[in-house]
file run15.pdb (PDB, C-alpha atoms)
MODEL        1
ATOM      1  CA  MET U   1      34.868  20.619  20.589
ATOM      2  CA  PHE U   2      32.087  18.729  22.326
ATOM      3  CA  LEU U   3      29.048  17.578  20.343
ATOM      4  CA  GLN U   4      25.973  16.020  21.892
ATOM      5  CA  GLY U   5      22.711  14.843  20.431
ATOM      6  CA  HIS U   6      21.274  12.169  18.203
ATOM      7  CA  LEU U   7      24.420  12.283  16.110
ATOM      8  CA  PHE U   8      24.239   8.832  14.563
ATOM      9  CA  ASP U   9      20.536   8.093  14.088
ATOM     10  CA  SER U  10      20.033  11.541  12.522
ATOM     11  CA  GLY U  11      23.083  11.134  10.283
ATOM     12  CA  VAL U  12      24.525  14.440  11.453
ATOM     13  CA  ILE U  13      27.866  12.841  12.398
ATOM     14  CA  ASN U  14      28.388  11.945   8.720
ATOM     15  CA  ARG U  15      27.731  15.548   7.749
ATOM     16  CA  VAL U  16      30.182  16.791  10.400
ATOM     17  CA  LEU U  17      32.867  14.552   8.916
ATOM     18  CA  ASP U  18      31.980  15.862   5.452
ATOM     19  CA  VAL U  19      32.605  19.412   6.738
ATOM     20  CA  PHE U  20      36.102  18.389   7.868
ATOM     21  CA  ASP U  21      36.782  16.810   4.492
ATOM     22  CA  ALA U  22      35.478  19.828   2.568
ATOM     23  CA  GLU U  23      37.561  22.233   4.644
ATOM     24  CA  ALA U  24      40.747  20.294   3.915
ATOM     25  CA  THR U  25      39.863  20.244   0.214
ATOM     26  CA  ASP U  26      38.948  23.954   0.108
ATOM     27  CA  ASP U  27      42.253  24.818   1.730
ATOM     28  CA  GLY U  28      44.103  22.956  -1.006
ATOM     29  CA  ALA U  29      45.817  20.706   1.508
ATOM     30  CA  SER U  30      46.024  16.968   1.186
ATOM     31  CA  SER U  31      45.282  14.795   4.183
ATOM     32  CA  SER U  32      48.987  13.908   4.443
ATOM     33  CA  SER U  33      50.114  17.532   4.482
ATOM     34  CA  SER U  34      51.217  19.096   7.763
ATOM     35  CA  SER U  35      49.280  22.244   6.809
ATOM     36  CA  ALA U  36      45.939  20.412   6.542
ATOM     37  CA  PHE U  37      43.131  20.751   9.034
ATOM     38  CA  SER U  38      42.694  17.607  11.076
ATOM     39  CA  PHE U  39      40.736  16.228  13.982
ATOM     40  CA  SER U  40      41.141  13.571  16.633
ATOM     41  CA  ILE U  41      38.381  11.835  18.548
ATOM     42  CA  LEU U  42      39.311  12.190  22.213
ATOM     43  CA  ASP U  43      36.210  10.588  23.686
ATOM     44  CA  ILE U  44      32.984   9.145  22.367
ATOM     45  CA  SER U  45      29.841   7.736  23.914
ATOM     46  CA  VAL U  46      27.409   6.147  21.478
ATOM     47  CA  ASN U  47      24.091   5.298  23.073
ATOM     48  CA  THR U  48      21.277   3.231  21.691
ATOM     49  CA  ASN U  49      17.696   4.353  21.963
ATOM     50  CA  THR U  50      15.642   2.663  24.659
ATOM     51  CA  THR U  51      11.971   1.823  25.001
ATOM     52  CA  GLN U  52      11.764   4.958  27.160
ATOM     53  CA  GLY U  53      12.977   7.104  24.275
ATOM     54  CA  PRO U  54      16.044   8.277  22.442
ATOM     55  CA  VAL U  55      19.343   8.672  24.300
ATOM     56  CA  PRO U  56      21.837  11.248  22.996
ATOM     57  CA  SER U  57      25.379  10.348  22.004
ATOM     58  CA  ARG U  58      28.408  12.495  22.799
ATOM     59  CA  ILE U  59      31.763  13.065  21.148
ATOM     60  CA  VAL U  60      34.801  15.166  22.060
ATOM     61  CA  LEU U  61      36.962  16.242  19.131
ATOM     62  CA  GLN U  62      40.278  18.034  19.055
ATOM     63  CA  LEU U  63      40.691  20.211  15.966
ATOM     64  CA  SER U  64      43.989  21.408  14.592
ATOM     65  CA  GLY U  65      44.959  23.450  11.609
ATOM     66  CA  PRO U  66      47.372  25.945  10.175
ATOM     67  CA  ASN U  67      45.472  29.080  11.249
ATOM     68  CA  GLU U  68      42.813  30.324  13.664
ATOM     69  CA  GLU U  69      40.680  31.839  10.905
ATOM     70  CA  GLY U  70      40.298  28.480   9.200
ATOM     71  CA  LEU U  71      39.576  26.733  12.491
ATOM     72  CA  GLN U  72      36.900  29.310  13.327
ATOM     73  CA  ARG U  73      35.331  28.827   9.886
ATOM     74  CA  LEU U  74      35.304  25.072  10.533
ATOM     75  CA  VAL U  75      33.678  25.505  13.962
ATOM     76  CA  ASP U  76      31.097  27.928  12.540
ATOM     77  CA  SER U  77      30.214  25.469   9.766
ATOM     78  CA  ILE U  78      29.702  22.657  12.261
ATOM     79  CA  ALA U  79      27.624  24.878  14.564
ATOM     80  CA  MET U  80      25.370  25.858  11.642
ATOM     81  CA  LEU U  81      25.081  22.214  10.658
ATOM     82  CA  MET U  82      24.026  21.203  14.160
ATOM     83  CA  GLU U  83      21.439  24.002  14.274
ATOM     84  CA  SER U  84      20.018  23.109  10.864
ATOM     85  CA  HIS U  85      19.235  19.501  11.804
ATOM     86  CA  PRO U  86      16.480  19.621  14.436
ATOM     87  CA  LYS U  87      16.155  15.820  14.389
ATOM     88  CA  ALA U  88      19.644  15.638  15.903
ATOM     89  CA  ASP U  89      18.521  17.761  18.883
ATOM     90  CA  GLY U  90      22.212  18.620  19.070
ATOM     91  CA  SER U  91      24.423  21.001  20.936
ATOM     92  CA  ILE U  92      28.010  22.126  20.478
ATOM     93  CA  HIS U  93      30.524  23.459  22.965
ATOM     94  CA  VAL U  94      33.901  24.790  21.909
ATOM     95  CA  THR U  95      36.844  25.298  24.254
ATOM     96  CA  ALA U  96      39.823  27.576  23.724
ATOM     97  CA  VAL U  97      42.615  26.703  21.343
ATOM     98  CA  ASN U  98      44.984  24.090  22.798
ATOM     99  CA  GLN U  99      42.601  23.446  25.687
ATOM    100  CA  VAL U 100      41.568  19.828  26.107
ATOM    101  CA  GLU U 101      38.394  19.176  28.032
ATOM    102  CA  SER U 102      36.974  15.961  29.396
ATOM    103  CA  MET U 103      33.480  14.936  28.390
ATOM    104  CA  PRO U 104      30.752  16.467  30.572
ATOM    105  CA  THR U 105      28.684  13.916  32.469
TER
ENDMDL
END

call {"tool": "encode", "arguments": {"input": "run15.pdb", "output": "structure tokens"}}
result
Amino acid sequence: MFLQGHLFDSGVINRVLDVFDAEATDDGASSSSSSAFSFSILDISVNTNTTQGPVPSRIVLQLSGPNEEGLQRLVDSIAMLMESHPKADGSIHVTAVNQVESMPT
């Protein structure tokens, strides 16, 4: 999953992490359980705003979990979150399961 936008200054990155935490809790899995949903940060570019204007940040996440349905629910929740925060001016791109993608330039 690739996220781009004003992730940090809008606070949307905190909300994305809250979605991951809530999904693990809703599934009844502890963070140490092998059946829990998890994520890894594969790449991140945090940019500071300049005098010429805001500069978007980017993050590539790898999601894993016990089932595709739960992963799709997680992705849908994050997509809705990104859409509902116009200040983030964010976008999301999801690749296929088990497909790792480098960060677009």

call {"tool": "atom_distance", "arguments": {"input": "run15.pdb", "atom1": "atom CA of U:Ile92", "atom2": "atom CA of U:Met1"}}
result
7.0 Å

call {"tool": "resolve_selection", "arguments": {"input": "run15.pdb", "expression": "the PyMOL selection byres ((chain U and resi 87) around 8)", "output": "ChimeraX atom specification"}}
result
/U:6,10,85-86,88-89

call {"tool": "resolve_selection", "arguments": {"input": "run15.pdb", "expression": "the PyMOL selection byres ((chain U and resi 20) around 8)", "output": "ChimeraX atom specification"}}
result
/U:16-19,21-24,37-39,74

call {"tool": "residues_around", "arguments": {"input": "run15.pdb", "residues": "U:Ile59", "least_positions_apart": "5", "cutoff": "9 Å", "atoms": "only C-alpha atoms", "output": "PyMOL selection string"}}
result
chain U and resi 1-4+7+41-46+103

call {"tool": "atom_distance", "arguments": {"input": "run15.pdb", "atom1": "atom CA of U:Phe8", "atom2": "atom CA of U:Thr48"}}
result
9.5 Å

call {"tool": "atom_distance", "arguments": {"input": "run15.pdb", "atom1": "atom CA of U:Asp76", "atom2": "atom CA of U:Asn14"}}
result
16.7 Å

call {"tool": "closest_residue", "arguments": {"input": "run15.pdb", "among": "U:Gln72, U:Met80, U:Gln62, U:Ser57", "to": "U:Gly5", "atoms": "all atoms listed in the file"}}
result
U:Ser57

call {"tool": "closest_residue", "arguments": {"input": "run15.pdb", "among": "U:Ser84, U:Ala36, U:Thr95, U:Gly53", "to": "U:Asn67", "atoms": "all atoms listed in the file"}}
result
U:Ala36

call {"tool": "build_atoms", "arguments": {"input": "run15.pdb", "residues": "stretch 35-55 of chain U", "atoms": "N, CA and C atoms", "output": "mmCIF file, in the coordinates of the input"}}
result
data_model
loop_
_atom_site.group_PDB
_atom_site.id
_atom_site.type_symbol
_atom_site.label_atom_id
_atom_site.label_comp_id
_atom_site.auth_asym_id
_atom_site.auth_seq_id
_atom_site.Cartn_x
_atom_site.Cartn_y
_atom_site.Cartn_z
ATOM 1 N N SER U 35 50.048 21.008 6.751
ATOM 2 C CA SER U 35 49.280 22.244 6.809
ATOM 3 C C SER U 35 47.779 21.995 6.735
ATOM 4 N N ALA U 36 47.357 20.741 6.659
ATOM 5 C CA ALA U 36 45.939 20.412 6.542
ATOM 6 C C ALA U 36 45.234 20.537 7.885
ATOM 7 N N PHE U 37 43.953 20.803 7.836
ATOM 8 C CA PHE U 37 43.131 20.751 9.034
ATOM 9 C C PHE U 37 42.917 19.285 9.377
ATOM 10 N N SER U 38 42.905 18.989 10.658
ATOM 11 C CA SER U 38 42.694 17.607 11.076
ATOM 12 C C SER U 38 41.902 17.581 12.375
ATOM 13 N N PHE U 39 41.454 16.399 12.735
ATOM 14 C CA PHE U 39 40.736 16.228 13.982
ATOM 15 C C PHE U 39 41.107 14.893 14.592
ATOM 16 N N SER U 40 40.962 14.822 15.892
ATOM 17 C CA SER U 40 41.141 13.571 16.633
ATOM 18 C C SER U 40 39.931 13.384 17.521
ATOM 19 N N ILE U 41 39.466 12.153 17.623
ATOM 20 C CA ILE U 41 38.381 11.835 18.548
ATOM 21 C C ILE U 41 39.022 11.528 19.894
ATOM 22 N N LEU U 42 38.744 12.369 20.883
ATOM 23 C CA LEU U 42 39.311 12.190 22.213
ATOM 24 C C LEU U 42 38.442 11.302 23.090
ATOM 25 N N ASP U 43 37.139 11.377 22.885
ATOM 26 C CA ASP U 43 36.210 10.588 23.686
ATOM 27 C C ASP U 43 34.908 10.475 22.910
ATOM 28 N N ILE U 44 34.257 9.347 23.064
ATOM 29 C CA ILE U 44 32.984 9.145 22.367
ATOM 30 C C ILE U 44 32.102 8.234 23.208
ATOM 31 N N SER U 45 30.831 8.558 23.241
ATOM 32 C CA SER U 45 29.841 7.736 23.914
ATOM 33 C C SER U 45 28.658 7.597 22.970
ATOM 34 N N VAL U 46 28.498 6.411 22.413
ATOM 35 C CA VAL U 46 27.409 6.147 21.478
ATOM 36 C C VAL U 46 26.347 5.358 22.227
ATOM 37 N N ASN U 47 25.176 5.926 22.319
ATOM 38 C CA ASN U 47 24.091 5.298 23.073
ATOM 39 C C ASN U 47 22.987 4.845 22.143
ATOM 40 N N THR U 48 22.411 3.723 22.468
ATOM 41 C CA THR U 48 21.277 3.231 21.691
ATOM 42 C C THR U 48 19.987 3.751 22.309
ATOM 43 N N ASN U 49 19.002 3.918 21.475
ATOM 44 C CA ASN U 49 17.696 4.353 21.963
ATOM 45 C C ASN U 49 17.070 3.239 22.794
ATOM 46 N N THR U 50 16.296 3.624 23.779
ATOM 47 C CA THR U 50 15.642 2.663 24.659
ATOM 48 C C THR U 50 14.139 2.705 24.437
ATOM 49 N N THR U 51 13.429 1.817 25.090
ATOM 50 C CA THR U 51 11.971 1.823 25.001
ATOM 51 C C THR U 51 11.404 3.076 25.669
ATOM 52 N N GLN U 52 12.205 3.715 26.505
ATOM 53 C CA GLN U 52 11.764 4.958 27.160
ATOM 54 C C GLN U 52 12.043 6.187 26.310
ATOM 55 N N GLY U 53 12.719 5.989 25.178
ATOM 56 C CA GLY U 53 12.977 7.104 24.275
ATOM 57 C C GLY U 53 14.415 7.163 23.814
ATOM 58 N N PRO U 54 14.696 8.142 22.974
ATOM 59 C CA PRO U 54 16.044 8.277 22.442
ATOM 60 C C PRO U 54 17.030 8.765 23.506
ATOM 61 N N VAL U 55 18.276 8.290 23.386
ATOM 62 C CA VAL U 55 19.343 8.672 24.300
ATOM 63 C C VAL U 55 20.435 9.340 23.461
#
